[in-house]
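Here the structure comes first, spelled out in structure tokens, and everything after it is commentary.
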Amino acid sequence: LPEAKVALRGGFVFINMDHDAPSLEDYFGPAAMAHFDAWKLENRYLYLHVQKSYPANWKLTVEAFHEAYHVGDTHPQVAPANGDVNSQYDVYGQHVNRFISTLGVVSPKLRDKYSEKDIIENFTLGDSSSMGGTKPELKEGERARQVMADMFRDMFEKATKADLSAVSDTELLDTYSYTFFPNLYIFPGISLPMLYRFRPDPRNHRRCIYEVMFMRPRPADGSAVETAEVQVLEDHQSFSEAEGMDPGFGHILDQDTDNLYAQQEGLEASAKAGLTLADYQEIRVRHFEQAIDRYMA
């Protein structure tokens, strides 16, 4: 059998069929590798793995998650607890980028319309089972973000038997999203601990395969965990139908991916050559497309 170039890092197996490819460390760069190592993803395991195919090119599907300012139009139900347009975007070398989207605060576009109590009511978790269906009560003068952070830390520790005392509030609450070119997304935080993987359909460039994987901390006591088997959904199915999927978050994934149908049709029908990208909010899309241009050239 032909051999592939393989690297092990943080519990992941990276494979490259090109024997002349650079090392994983050189490809991602020292800054990105330092971030990757700091999250200690080897201490997590997959408890949910869902796959679905889409009638859209794989690059469109990757780009659907590259910015947070789409929240107001695509996910209006979570905007009262999401900083969306205030997100921070960073680029690390040629193959890695990131955003940090602050949760537990009102969107700047809605700041005068919602209270601290509204923030708690609209906060969405990727894995709400740890909360047991409870919502904290705010006392006079308290901020929703701090109350949620304190409660999350306590409840996540009990639910996962893990020690989160060294985890900061932003790591606990906020959406950290890293893209490792070409097709891996890592959300290494605690409230949205996910992985995305995007693969072209080998038989049809207008279709792609999208996978969502949810992580949990490995129990600190060393007790055994079971890695999830992949659940494959049909085109017509909602992510909410996957066994173990949080219904609210499944709806968010449906909203994200429903846009893809119109995007694929729009690109093929457009008389305009190319896209016009925002200077800052779409910096990750630009970074991704620049990498593609280099390889295609």
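FYI, nothing fancy with the structure tokens labels: chains A, B, ... in order, residues from 1 per chain, ligands from 1 as they appear.
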With a cut-off of 10 Å, could you pull out the residues of range 214-261 of chain A touching range 104-126 of chain A and give me the nearest pair of atoms for each, distance in Å to one decimal, using only C-alpha atoms, ordered by chain and ascending number, as CSV?
```
residue,atom,partner,partner_atom,distance
A:Phe214,CA,A:Gly126,CA,7.9
A:Met215,CA,A:Gly126,CA,9.7
A:Met245,CA,A:Gly126,CA,8.4
A:Asp246,CA,A:Gly126,CA,6.7
A:Pro247,CA,A:Gly126,CA,9.5
A:Gly248,CA,A:Thr124,CA,7.3
A:Phe249,CA,A:Gly126,CA,5.8
A:Gly250,CA,A:Gly126,CA,8.7
A:Ile252,CA,A:Thr124,CA,9.4
```
Proximity of range 188-261 of chain A to range 98-101 of chain A: per-residue shortest pair, 12 Å limit, only C-alpha atoms, as a Markdown table:
```
| residue | atom | partner | partner_atom | distance |
| --- | --- | --- | --- | --- |
| A:Pro188 | CA | A:Ile100 | CA | 11.0 |
| A:Gly189 | CA | A:Ile100 | CA | 10.1 |
| A:Leu192 | CA | A:Ser101 | CA | 11.2 |
```
Legend entry - Close residues, range 253-270 of chain A itself excluded, 7 Å, only C-alpha atoms, min 5 positions apart in chain, as a ChimeraX atom specification: /A:55-56,61,64,74-75,238-239
Inset, instruction - Report the residues of range 193-228 of chain A whose backbone DSSP state falls under strand (DSSP E or B), written as a ChimeraX atom specification. - result: /A:194-200,208-217
Legend entry - Among the residues A:Tyr45, A:Tyr89, A:Tyr280, A:Phe152, the one that comes closest to Ser177 in chain A [using only C-alpha atoms]: A:Tyr89
